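Here is the file model-v5.json (JSON, C-alpha atoms).
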```
[["chain", "number", "residue", "atom", "x", "y", "z"],
["A", 1, "MET", "CA", -4.34, 4.93, -12.65],
["A", 2, "GLY", "CA", -4.70, 4.12, -8.98],
["A", 3, "PHE", "CA", -3.78, 6.67, -6.36],
["A", 4, "PHE", "CA", -3.10, 6.26, -2.67],
["A", 5, "ARG", "CA", -4.28, 9.71, -1.67],
["A", 6, "LEU", "CA", -2.55, 11.43, 1.24],
["A", 7, "SER", "CA", -2.92, 9.18, 4.23],
["A", 8, "ASN", "CA", -5.17, 6.18, 4.73],
["A", 9, "TRP", "CA", -6.31, 7.85, 7.89],
["A", 10, "ILE", "CA", -7.26, 11.22, 6.35],
["A", 11, "VAL", "CA", -9.47, 9.55, 3.76],
["A", 12, "PHE", "CA", -10.90, 7.40, 6.53],
["A", 13, "VAL", "CA", -11.93, 10.45, 8.56],
["A", 14, "VAL", "CA", -13.51, 12.09, 5.50],
["A", 15, "VAL", "CA", -15.53, 8.97, 4.65],
["A", 16, "PHE", "CA", -16.62, 8.59, 8.25],
["A", 17, "GLY", "CA", -17.66, 12.22, 8.46],
["A", 18, "LEU", "CA", -19.61, 12.22, 5.21],
["A", 19, "MET", "CA", -21.53, 9.11, 6.21],
["A", 20, "ASN", "CA", -22.60, 10.73, 9.46],
["A", 21, "MET", "CA", -23.53, 13.91, 7.59],
["A", 22, "PHE", "CA", -25.82, 12.05, 5.20],
["A", 23, "GLY", "CA", -27.21, 9.57, 7.73],
["A", 24, "SER", "CA", -25.75, 6.45, 6.16],
["A", 25, "GLY", "CA", -26.33, 4.18, 9.12],
["A", 26, "PHE", "CA", -24.03, 5.72, 11.73],
["A", 27, "GLY", "CA", -26.73, 7.88, 13.28],
["A", 28, "ALA", "CA", -25.52, 9.62, 16.41],
["A", 29, "ARG", "CA", -22.61, 7.30, 17.07],
["A", 30, "LYS", "CA", -19.63, 8.98, 18.68],
["A", 31, "LEU", "CA", -16.23, 9.30, 17.07],
["A", 32, "ALA", "CA", -14.98, 6.38, 19.11],
["A", 33, "ALA", "CA", -17.68, 4.07, 17.76],
["A", 34, "LEU", "CA", -16.37, 1.11, 15.79],
["A", 35, "TYR", "CA", -16.14, 1.67, 12.07],
["A", 36, "GLU", "CA", -18.74, -0.25, 10.10],
["A", 37, "PRO", "CA", -18.21, 0.12, 6.34],
["A", 38, "PRO", "CA", -21.32, 0.44, 4.18],
["A", 39, "PRO", "CA", -22.39, -2.50, 2.03],
["A", 40, "MET", "CA", -20.44, -2.36, -1.21],
["A", 41, "ALA", "CA", -18.95, -4.65, -3.78],
["A", 42, "ILE", "CA", -15.71, -4.32, -5.67],
["A", 43, "GLY", "CA", -16.64, -5.58, -9.12],
["A", 44, "TYR", "CA", -14.57, -7.34, -11.74],
["A", 45, "HIS", "CA", -14.55, -5.55, -15.10],
["A", 46, "ASN", "CA", -13.25, -8.52, -17.09],
["A", 47, "GLY", "CA", -9.80, -7.10, -17.69],
["A", 48, "THR", "CA", -6.26, -8.35, -17.17],
["A", 49, "LEU", "CA", -4.99, -9.29, -13.71],
["A", 50, "LEU", "CA", -1.40, -9.97, -12.71],
["A", 51, "ASP", "CA", -1.57, -13.70, -12.13],
["A", 52, "GLY", "CA", 0.97, -16.49, -12.43],
["A", 53, "ASP", "CA", 4.60, -15.44, -12.06],
["A", 54, "VAL", "CA", 4.75, -11.69, -11.43],
["A", 55, "PRO", "CA", 8.32, -10.33, -11.75],
["A", 56, "VAL", "CA", 8.83, -7.28, -9.54],
["A", 57, "SER", "CA", 11.74, -4.97, -10.33],
["A", 58, "ILE", "CA", 12.90, -2.09, -8.12],
["A", 59, "LEU", "CA", 14.36, 1.28, -9.06],
["A", 60, "TRP", "CA", 15.91, 2.91, -5.99],
["A", 61, "TYR", "CA", 16.05, 6.62, -6.79],
["A", 62, "GLY", "CA", 18.20, 8.57, -4.35],
["A", 63, "LYS", "CA", 19.96, 7.50, -1.17],
["A", 64, "PHE", "CA", 18.74, 4.27, 0.40],
["A", 65, "THR", "CA", 20.81, 2.32, 2.91],
["A", 66, "ALA", "CA", 21.38, -1.42, 2.72],
["A", 67, "ALA", "CA", 19.13, -1.77, 5.76],
["A", 68, "HIS", "CA", 16.31, 0.12, 3.99],
["A", 69, "LYS", "CA", 16.58, -2.16, 0.99],
["A", 70, "ALA", "CA", 16.63, -5.31, 3.10],
["A", 71, "VAL", "CA", 13.36, -4.41, 4.86],
["A", 72, "LEU", "CA", 11.53, -3.91, 1.57],
["A", 73, "VAL", "CA", 13.05, -6.90, -0.22],
["A", 74, "ASP", "CA", 12.15, -9.15, 2.72],
["A", 75, "PHE", "CA", 8.57, -7.92, 2.48],
["A", 76, "LEU", "CA", 8.39, -8.92, -1.18],
["A", 77, "LEU", "CA", 10.02, -12.29, -0.53],
["A", 78, "SER", "CA", 7.47, -12.96, 2.21],
["A", 79, "LEU", "CA", 4.37, -12.57, 0.03],
["A", 80, "ASN", "CA", 4.46, -16.12, -1.31],
["A", 81, "SER", "CA", 6.54, -17.71, 1.43],
["A", 82, "LYS", "CA", 5.00, -21.00, 2.55],
["A", 83, "THR", "CA", 6.97, -20.96, 5.77],
["A", 84, "ASP", "CA", 4.91, -20.13, 8.82],
["A", 85, "ALA", "CA", 7.68, -18.01, 10.25],
["A", 86, "ALA", "CA", 5.32, -16.16, 12.56],
["A", 87, "ALA", "CA", 6.71, -15.02, 15.89],
["A", 88, "GLY", "CA", 4.29, -15.88, 18.65],
["A", 89, "ASN", "CA", 0.77, -15.49, 17.34],
["A", 90, "ALA", "CA", 1.64, -13.11, 14.50],
["A", 91, "PRO", "CA", 0.33, -14.22, 11.10],
["A", 92, "PRO", "CA", 2.80, -14.44, 8.21],
["A", 93, "ILE", "CA", 2.64, -11.90, 5.37],
["A", 94, "SER", "CA", 1.49, -14.64, 3.00],
["A", 95, "HIS", "CA", -1.82, -14.71, 4.91],
["A", 96, "TRP", "CA", -2.32, -11.06, 3.99],
["A", 97, "TRP", "CA", -1.54, -11.76, 0.32],
["A", 98, "SER", "CA", -4.00, -14.69, 0.34],
["A", 99, "THR", "CA", -6.87, -12.18, 0.06],
["A", 100, "VAL", "CA", -5.42, -11.09, -3.30],
["A", 101, "GLN", "CA", -5.45, -14.76, -4.32],
["A", 102, "VAL", "CA", -9.18, -14.90, -3.62],
["A", 103, "TYR", "CA", -9.72, -12.24, -6.28],
["A", 104, "MET", "CA", -7.60, -14.23, -8.73],
["A", 105, "LYS", "CA", -9.57, -17.40, -8.09],
["A", 106, "ARG", "CA", -12.94, -15.68, -8.49],
["A", 107, "ALA", "CA", -11.81, -14.40, -11.91],
["A", 108, "GLY", "CA", -10.62, -17.86, -12.96],
["A", 109, "LYS", "CA", -6.96, -16.86, -12.85],
["A", 110, "GLU", "CA", -3.83, -18.47, -11.45],
["A", 111, "GLU", "CA", -2.46, -17.41, -8.11],
["A", 112, "ALA", "CA", -0.18, -14.36, -8.22],
["A", 113, "ARG", "CA", 3.39, -15.42, -7.40],
["A", 114, "VAL", "CA", 5.65, -12.41, -6.77],
["A", 115, "ILE", "CA", 9.20, -13.00, -7.99],
["A", 116, "LEU", "CA", 11.97, -10.52, -7.22],
["A", 117, "ALA", "CA", 13.59, -9.52, -10.53],
["A", 118, "ASN", "CA", 15.96, -6.61, -11.25],
["A", 119, "GLN", "CA", 17.18, -4.00, -8.80],
["A", 120, "VAL", "CA", 18.71, -0.77, -10.08],
["A", 121, "THR", "CA", 20.09, 2.03, -7.91],
["A", 122, "ASP", "CA", 20.27, 5.65, -9.07],
["A", 123, "ASP", "CA", 21.86, 7.40, -6.10],
["A", 124, "SER", "CA", 23.23, 10.21, -8.25],
["A", 125, "TYR", "CA", 19.76, 11.69, -8.84],
["A", 126, "SER", "CA", 20.30, 11.52, -12.62],
["A", 127, "ILE", "CA", 17.20, 13.53, -13.48],
["A", 128, "GLY", "CA", 17.22, 15.78, -10.44],
["A", 129, "LYS", "CA", 15.35, 15.95, -7.16],
["A", 130, "LEU", "CA", 12.14, 17.52, -8.47],
["A", 131, "LEU", "CA", 10.28, 15.04, -10.64],
["A", 132, "LYS", "CA", 7.16, 15.22, -12.78],
["A", 133, "LYS", "CA", 4.75, 12.29, -12.77],
["A", 134, "LEU", "CA", 5.61, 11.52, -16.39],
["A", 135, "GLN", "CA", 9.22, 10.94, -15.36],
["A", 136, "ILE", "CA", 8.17, 8.07, -13.10],
["A", 137, "SER", "CA", 7.31, 6.02, -16.17],
["A", 138, "GLU", "CA", 10.74, 6.82, -17.61],
["A", 139, "LEU", "CA", 12.42, 5.65, -14.42],
["A", 140, "SER", "CA", 10.41, 2.43, -14.39],
["A", 141, "ARG", "CA", 11.84, 1.46, -17.79],
["A", 142, "ARG", "CA", 15.37, 1.76, -16.41],
["A", 143, "ALA", "CA", 14.69, -1.14, -14.08],
["A", 144, "GLY", "CA", 13.85, -3.38, -17.01],
["A", 145, "SER", "CA", 10.05, -3.41, -16.93],
["A", 146, "LYS", "CA", 8.71, -6.79, -17.95],
["A", 147, "HIS", "CA", 5.43, -7.72, -19.62],
["A", 148, "GLY", "CA", 3.06, -8.94, -16.94],
["A", 149, "GLY", "CA", 5.29, -7.58, -14.20],
["A", 150, "VAL", "CA", 5.55, -4.60, -11.88],
["A", 151, "THR", "CA", 8.30, -2.04, -11.36],
["A", 152, "LEU", "CA", 8.57, -0.25, -8.01],
["A", 153, "VAL", "CA", 9.96, 3.26, -8.38],
["A", 154, "LEU", "CA", 10.96, 4.33, -4.88],
["A", 155, "THR", "CA", 12.17, 7.86, -4.21],
["A", 156, "ALA", "CA", 14.29, 8.92, -1.25],
["A", 157, "GLU", "CA", 13.24, 11.45, 1.37],
["A", 158, "ASP", "CA", 14.96, 14.37, -0.38],
["A", 159, "VAL", "CA", 13.15, 13.82, -3.70],
["A", 160, "ALA", "CA", 9.97, 15.78, -4.46],
["A", 161, "VAL", "CA", 7.50, 14.28, -6.93],
["A", 162, "GLU", "CA", 4.65, 16.21, -8.52],
["A", 163, "GLY", "CA", 1.56, 15.87, -6.33],
["A", 164, "PHE", "CA", 3.43, 14.25, -3.43],
["A", 165, "CYS", "CA", 1.96, 15.36, -0.08],
["A", 166, "MET", "CA", -0.64, 17.49, -1.88],
["A", 167, "SER", "CA", -2.78, 14.87, -3.61],
["A", 168, "SER", "CA", -1.16, 11.47, -3.12],
["A", 169, "CYS", "CA", 1.35, 9.36, -1.20],
["A", 170, "GLY", "CA", 1.92, 7.13, -4.19],
["A", 171, "PHE", "CA", 0.22, 5.78, -7.30],
["A", 172, "HIS", "CA", 0.23, 2.91, -9.76],
["A", 173, "ASP", "CA", -0.09, 3.19, -13.53],
["A", 174, "TRP", "CA", 1.14, 1.30, -16.57],
["A", 175, "ASP", "CA", 3.41, 1.67, -19.55],
["A", 176, "HIS", "CA", 1.07, 1.55, -22.54],
["A", 177, "LYS", "CA", 3.83, 0.45, -24.94],
["A", 178, "LEU", "CA", 5.30, -2.32, -22.82],
["A", 179, "LYS", "CA", 1.99, -3.28, -21.17],
["A", 180, "SER", "CA", 3.76, -3.39, -17.84],
["A", 181, "ALA", "CA", 2.64, -1.86, -14.56],
["A", 182, "PHE", "CA", 4.61, 0.39, -12.26],
["A", 183, "ILE", "CA", 4.20, 1.78, -8.77],
["A", 184, "TRP", "CA", 5.66, 4.94, -7.31],
["A", 185, "VAL", "CA", 6.04, 5.54, -3.57],
["A", 186, "GLY", "CA", 8.13, 8.22, -1.89],
["A", 187, "ASN", "CA", 9.72, 8.43, 1.54],
["A", 188, "SER", "CA", 7.66, 11.09, 3.30],
["A", 189, "VAL", "CA", 9.64, 11.41, 6.54],
["A", 190, "SER", "CA", 11.05, 14.89, 5.82],
["A", 191, "GLN", "CA", 8.15, 16.18, 3.71],
["A", 192, "CYS", "CA", 4.78, 15.02, 5.05],
["A", 193, "PRO", "CA", 4.93, 12.13, 7.54],
["A", 194, "GLY", "CA", 1.66, 13.27, 9.12],
["A", 195, "GLN", "CA", -0.05, 12.65, 5.80],
["A", 196, "CYS", "CA", 1.78, 9.64, 4.38],
["A", 197, "ALA", "CA", 3.30, 7.80, 7.35],
["A", 198, "TRP", "CA", 0.35, 7.62, 9.76],
["A", 199, "PRO", "CA", -0.02, 5.83, 12.19],
["A", 200, "PHE", "CA", 3.73, 6.19, 12.82],
["A", 201, "HIS", "CA", 3.54, 9.99, 12.96],
["A", 202, "GLN", "CA", 1.13, 12.48, 14.49],
["A", 203, "PRO", "CA", -1.59, 13.26, 11.92],
["A", 204, "ILE", "CA", -2.07, 16.77, 10.60],
["A", 205, "TYR", "CA", -5.85, 16.70, 11.01],
["A", 206, "GLY", "CA", -8.37, 14.99, 13.24],
["A", 207, "PRO", "CA", -7.91, 13.17, 16.55],
["A", 208, "GLN", "CA", -4.36, 13.64, 17.82],
["A", 209, "THR", "CA", -3.72, 10.18, 19.17],
["A", 210, "PRO", "CA", -0.10, 9.29, 19.97],
["A", 211, "PRO", "CA", 1.78, 7.82, 17.00],
["A", 212, "LEU", "CA", 2.75, 4.15, 17.04],
["A", 213, "ILE", "CA", 6.33, 2.99, 17.19],
["A", 214, "PRO", "CA", 7.27, 1.60, 13.74],
["A", 215, "PRO", "CA", 8.29, -2.08, 13.66],
["A", 216, "ASN", "CA", 11.51, -1.41, 11.73],
["A", 217, "ALA", "CA", 12.38, 1.69, 13.76],
["A", 218, "ASP", "CA", 12.02, 4.01, 10.76],
["A", 219, "VAL", "CA", 8.94, 6.23, 10.35],
["A", 220, "GLY", "CA", 9.61, 6.97, 6.68],
["A", 221, "LEU", "CA", 10.44, 3.41, 5.66],
["A", 222, "ASP", "CA", 7.62, 1.75, 7.59],
["A", 223, "GLY", "CA", 5.24, 4.32, 6.11],
["A", 224, "MET", "CA", 6.54, 3.39, 2.65],
["A", 225, "ILE", "CA", 5.85, -0.30, 3.34],
["A", 226, "ILE", "CA", 2.19, 0.48, 4.08],
["A", 227, "ASN", "CA", 1.86, 2.50, 0.88],
["A", 228, "ILE", "CA", 3.71, -0.10, -1.21],
["A", 229, "ALA", "CA", 1.52, -2.90, 0.15],
["A", 230, "THR", "CA", -1.63, -0.87, -0.56],
["A", 231, "LEU", "CA", -0.60, -0.16, -4.15],
["A", 232, "LEU", "CA", 0.81, -3.63, -4.85],
["A", 233, "ALA", "CA", -2.52, -5.23, -3.92],
["A", 234, "GLY", "CA", -4.30, -2.69, -6.13],
["A", 235, "THR", "CA", -1.90, -3.23, -9.01],
["A", 236, "ALA", "CA", -2.21, -7.03, -8.94],
["A", 237, "THR", "CA", -6.00, -6.86, -9.06],
["A", 238, "ASN", "CA", -6.39, -3.77, -11.28],
["A", 239, "PRO", "CA", -3.16, -3.27, -13.24],
["A", 240, "PHE", "CA", -4.58, -1.65, -16.38],
["A", 241, "GLY", "CA", -7.76, -0.01, -15.13],
["A", 242, "ASP", "CA", -10.16, -2.79, -16.11],
["A", 243, "GLY", "CA", -9.74, -5.27, -13.27],
["A", 244, "TYR", "CA", -11.31, -5.16, -9.81],
["A", 245, "TYR", "CA", -12.47, -1.78, -8.53],
["A", 246, "LEU", "CA", -15.44, 0.18, -7.27],
["A", 247, "GLY", "CA", -16.54, 3.58, -8.57],
["A", 248, "SER", "CA", -15.04, 5.65, -11.37],
["A", 249, "PRO", "CA", -12.14, 4.17, -13.38],
["A", 250, "ALA", "CA", -10.42, 7.57, -13.03],
["A", 251, "ALA", "CA", -10.51, 7.40, -9.23],
["A", 252, "PRO", "CA", -11.21, 3.79, -8.31],
["A", 253, "LEU", "CA", -11.55, 2.25, -4.88],
["A", 254, "GLU", "CA", -9.39, -0.86, -4.98],
["A", 255, "VAL", "CA", -8.88, -3.79, -2.67],
["A", 256, "ALA", "CA", -6.82, -1.83, -0.12],
["A", 257, "THR", "CA", -7.97, 1.75, -0.68],
["A", 258, "ALA", "CA", -11.52, 0.57, 0.08],
["A", 259, "CYS", "CA", -10.37, 0.04, 3.68],
["A", 260, "PRO", "CA", -8.55, 3.28, 4.59],
["A", 261, "GLY", "CA", -7.04, 3.59, 8.05],
["A", 262, "VAL", "CA", -7.82, 0.01, 9.11],
["A", 263, "TYR", "CA", -4.97, -2.19, 10.38],
["A", 264, "GLY", "CA", -6.56, -4.25, 13.13],
["A", 265, "LYS", "CA", -9.93, -5.14, 14.62],
["A", 266, "GLY", "CA", -11.76, -2.30, 16.32],
["A", 267, "ALA", "CA", -10.28, 0.44, 14.13],
["A", 268, "TYR", "CA", -11.96, 3.83, 14.08],
["A", 269, "PRO", "CA", -10.86, 7.32, 12.97],
["A", 270, "GLY", "CA", -7.57, 8.11, 14.66],
["A", 271, "TYR", "CA", -7.14, 4.54, 15.95],
["A", 272, "ALA", "CA", -5.44, 1.94, 13.74],
["A", 273, "GLY", "CA", -7.03, -1.01, 15.54],
["A", 274, "ASP", "CA", -5.93, -3.63, 18.05],
["A", 275, "LEU", "CA", -2.40, -4.56, 17.00],
["A", 276, "LEU", "CA", 0.40, -6.78, 18.22],
["A", 277, "GLN", "CA", 3.18, -5.13, 20.18],
["A", 278, "ASP", "CA", 6.83, -6.07, 20.43],
["A", 279, "GLY", "CA", 7.67, -6.65, 24.07],
["A", 280, "THR", "CA", 11.17, -5.25, 23.71],
["A", 281, "THR", "CA", 10.80, -2.23, 21.43],
["A", 282, "GLY", "CA", 7.12, -1.41, 22.01],
["A", 283, "SER", "CA", 6.58, -1.25, 18.24],
["A", 284, "SER", "CA", 3.23, -2.13, 16.68],
["A", 285, "TYR", "CA", 2.77, -4.68, 13.90],
["A", 286, "ASN", "CA", 0.31, -7.21, 12.51],
["A", 287, "ALA", "CA", 2.43, -9.50, 10.32],
["A", 288, "VAL", "CA", 5.77, -11.24, 10.26],
["A", 289, "GLY", "CA", 7.96, -11.86, 7.22],
["A", 290, "VAL", "CA", 11.02, -13.96, 6.46],
["A", 291, "GLY", "CA", 13.54, -13.94, 9.26],
["A", 292, "THR", "CA", 10.72, -12.94, 11.66],
["A", 293, "ARG", "CA", 10.94, -9.33, 10.49],
["A", 294, "LYS", "CA", 7.82, -7.43, 11.58],
["A", 295, "TYR", "CA", 5.51, -5.27, 9.47],
["A", 296, "LEU", "CA", 2.28, -3.29, 9.68],
["A", 297, "LEU", "CA", 0.05, -3.97, 6.67],
["A", 298, "PRO", "CA", -3.31, -2.43, 5.68],
["A", 299, "ALA", "CA", -6.62, -4.25, 5.73],
["A", 300, "LEU", "CA", -7.88, -5.63, 2.41],
["A", 301, "TYR", "CA", -11.48, -5.80, 1.25],
["A", 302, "ASP", "CA", -12.60, -9.42, 1.37],
["A", 303, "PRO", "CA", -14.97, -10.20, -1.54],
["A", 304, "VAL", "CA", -16.34, -13.24, 0.28],
["A", 305, "THR", "CA", -17.39, -11.53, 3.50],
["A", 306, "ALA", "CA", -17.86, -8.06, 1.91],
["A", 307, "GLN", "CA", -15.88, -6.59, 4.79],
["A", 308, "CYS", "CA", -12.44, -5.18, 5.43],
["A", 309, "SER", "CA", -10.28, -8.12, 6.46],
["A", 310, "THR", "CA", -7.53, -7.59, 9.03],
["A", 311, "LEU", "CA", -4.77, -9.98, 10.06],
["A", 312, "VAL", "CA", -5.27, -9.37, 13.77]]
```

Structure re-expressed in structure tokens:
Amino acid sequence: MGFFRLSNWIVFVVVFGLMNMFGSGFGARKLAALYEPPPMAIGYHNGTLLDGDVPVSILWYGKFTAAHKAVLVDFLLSLNSKTDAAAGNAPPISHWWSTVQVYMKRAGKEEARVILANQVTDDSYSIGKLLKKLQISELSRRAGSKHGGVTLVLTAEDVAVEGFCMSSCGFHDWDHKLKSAFIWVGNSVSQCPGQCAWPFHQPIYGPQTPPLIPPNADVGLDGMIINIATLLAGTATNPFGDGYYLGSPAAPLEVATACPGVYGKGAYPGYAGDLLQDGTTGSSYNAVGVGTRKYLLPALYDPVTAQCSTLV
């Protein structure tokens, strides 16, 4: 199981602090020094990857507006879009997903082509507003989980999930019977935006830099996009716990979680990096999807350069 623990930024601060504590190459550098990740390698453990056509189904649990759904669906549709729909100098989302394709190629697999499959809405909260982790698997089956595919279980802001805000902002796992993967991400805006929606909300700990303006004008939703992107990259490359990861299988560092808190060049604890800014709204972003919709996506660990790769 892969977890996206609390906020990218909180983990980032902890890693940075521990490395200074144990003298791992940072020496006496100040907090504002540029982040330089230690040499590491995310290894392939010869397991299954999600390559070829990857059907992605969505279970909307709770109240989501049509606008919320459109932002997420456009993100998914943009992953394999060949159209360079970038506004100005903004790279398309498919450039971000191309790092995932590098992992596929190195393992001798086909490219991963995300295909939007079923969408199911449960806005009546059929199993309540306080969910156990085991119930996420149950919900994923309702969306018609497919072999070799992924189900996104997305919970609204008034739904509490076991461990949410205390140990994770989302996770991915798999249905052992169906051999299908699923991802859970919750809307944190009314529960813990400082933990799970940074850099669009003031963090709870560490440097109190001003929050960024979200590109889709919604702190909770734009925070969900970051977490979904993080976990989708991890699921494609490590769906069943024997793909690409570093460290313990029980708590692996995956292609996105290996680069916590990094969104643009020059990132350091409390600073997401040098990002693009919308001249009208002032919002920050680093990628553009279909219809020139803007997004902020996390850095991915590049196996070729052995560094965290950012779009801008």

*asked:* To one decimal place in Å, what is the distance between atom CA of A:Gly52 and atom CA of A:Tyr103?
replied: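 Calculated distance between atom CA of A:Gly52 and atom CA of A:Tyr103 is 13.0 Å.
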
*asked:* Give me, as a ChimeraX atom specification, all polymer residues having an atom no more than 9 Å from A:Asp274, counting only C-alpha atoms and skipping those fewer than 6 positions away in the same chain.
replied: /A:263-267,312

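Proximity of A:Val114, A:Val159, A:Leu72, A:Ala90 to A:Lys129, computed with only C-alpha atoms, is greatest for A:Val159.
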
*Please identify all polymer residues within 8 Å of stretch 148-150 of chain A, counting only C-alpha atoms, omitting same-chain residues fewer than 4 positions from it, and present them as a ChimeraX atom specification.*
/A:50,54-57,179-183

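Between A:Ser98 and the candidates A:Ala233, A:Ala272, A:Ala258, A:Cys196, the tightest atom-to-atom separation, counting all atoms listed in the file, involves A:Ala233.
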
_Measuring between all atoms listed in the file, which one of A:Arg293, A:His201, A:Lys146, A:His45 shows the shortest distance to A:Ile58?_
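Using all atoms listed in the file, the shortest distance to A:Ile58 belongs to A:Lys146.
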
*asked:* Can you measure atom CA of A:Ala197 to atom CA of A:Lys294 for me? One decimal in Å is fine.
replied: 16.4 Å

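Between A:Arg142 and the candidates A:Ala217, A:Leu59, A:Leu232, A:Leu76, the tightest atom-to-atom separation, counting all atoms listed in the file, involves A:Leu59.
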
*asked:* Measuring between all atoms listed in the file, which one of A:Pro249, A:Gly279, A:Gly289, A:Pro239 shows the shortest distance to A:Asp173?
replied: A:Pro239

*asked:* At a cut-off of 9 Å, using only C-alpha atoms, what residues contact A:Tyr125? Leave out same-chain residues fewer than 2 positions from it and give the result as a list in words.
replied: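 My list of contacting residues is Tyr61, Gly62, Lys63, Asp122, Asp123, Ile127, Gly128, Lys129 and Val159 of chain A.
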
*Check the smallest atom-to-atom distance from each of A:Val71, A:Pro303, A:Asp222, A:Asn216 to A:Glu254 using all atoms listed in the file, then report the winner.*
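Checking each of A:Val71, A:Pro303, A:Asp222, A:Asn216 against A:Glu254, counting all atoms listed in the file, the winner is A:Pro303.
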
*Hey, can you check how far atom CA of A:Met104 sits from atom CA of A:Leu221?*
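According to the coordinates, atom CA of A:Met104 and atom CA of A:Leu221 are separated by 29.0 Å.
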
Can you list, as a PDB file with C-alpha atoms, in the frame of the given file, every protein, DNA or RNA residue that comes within 9 Å of stretch 224-228 of chain A when you count all atoms listed in the file, leaving out same-chain residues fewer than 6 positions away?
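The resulting file, part-v1.pdb, is reproduced below:
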```
ATOM      1  CA  PHE A   4      -3.100   6.260  -2.670  1.00  0.00           C
ATOM      2  CA  SER A   7      -2.920   9.180   4.230  1.00  0.00           C
ATOM      3  CA  ASN A   8      -5.170   6.180   4.730  1.00  0.00           C
ATOM      4  CA  VAL A  71      13.360  -4.410   4.860  1.00  0.00           C
ATOM      5  CA  LEU A  72      11.530  -3.910   1.570  1.00  0.00           C
ATOM      6  CA  PHE A  75       8.570  -7.920   2.480  1.00  0.00           C
ATOM      7  CA  LEU A 152       8.570  -0.250  -8.010  1.00  0.00           C
ATOM      8  CA  LEU A 154      10.960   4.330  -4.880  1.00  0.00           C
ATOM      9  CA  CYS A 169       1.350   9.360  -1.200  1.00  0.00           C
ATOM     10  CA  GLY A 170       1.920   7.130  -4.190  1.00  0.00           C
ATOM     11  CA  PHE A 171       0.220   5.780  -7.300  1.00  0.00           C
ATOM     12  CA  ILE A 183       4.200   1.780  -8.770  1.00  0.00           C
ATOM     13  CA  TRP A 184       5.660   4.940  -7.310  1.00  0.00           C
ATOM     14  CA  VAL A 185       6.040   5.540  -3.570  1.00  0.00           C
ATOM     15  CA  GLY A 186       8.130   8.220  -1.890  1.00  0.00           C
ATOM     16  CA  ASN A 187       9.720   8.430   1.540  1.00  0.00           C
ATOM     17  CA  SER A 188       7.660  11.090   3.300  1.00  0.00           C
ATOM     18  CA  CYS A 196       1.780   9.640   4.380  1.00  0.00           C
ATOM     19  CA  ALA A 197       3.300   7.800   7.350  1.00  0.00           C
ATOM     20  CA  TYR A 295       5.510  -5.270   9.470  1.00  0.00           C
ATOM     21  CA  LEU A 296       2.280  -3.290   9.680  1.00  0.00           C
ATOM     22  CA  LEU A 297       0.050  -3.970   6.670  1.00  0.00           C
ATOM     23  CA  PRO A 298      -3.310  -2.430   5.680  1.00  0.00           C
TER      24      PRO A 298
END
```

_Shell of 10 Å around A:Pro203, only C-alpha atoms, local chain residues under 4 positions omitted, as a list in words_ = Ser7, Trp9, Ile10, Cys192, Pro193, Gly194, Gln195, Cys196, Ala197, Trp198, Pro199, Pro207, Gln208, Thr209, Pro210, Pro211 and Gly270 of chain A
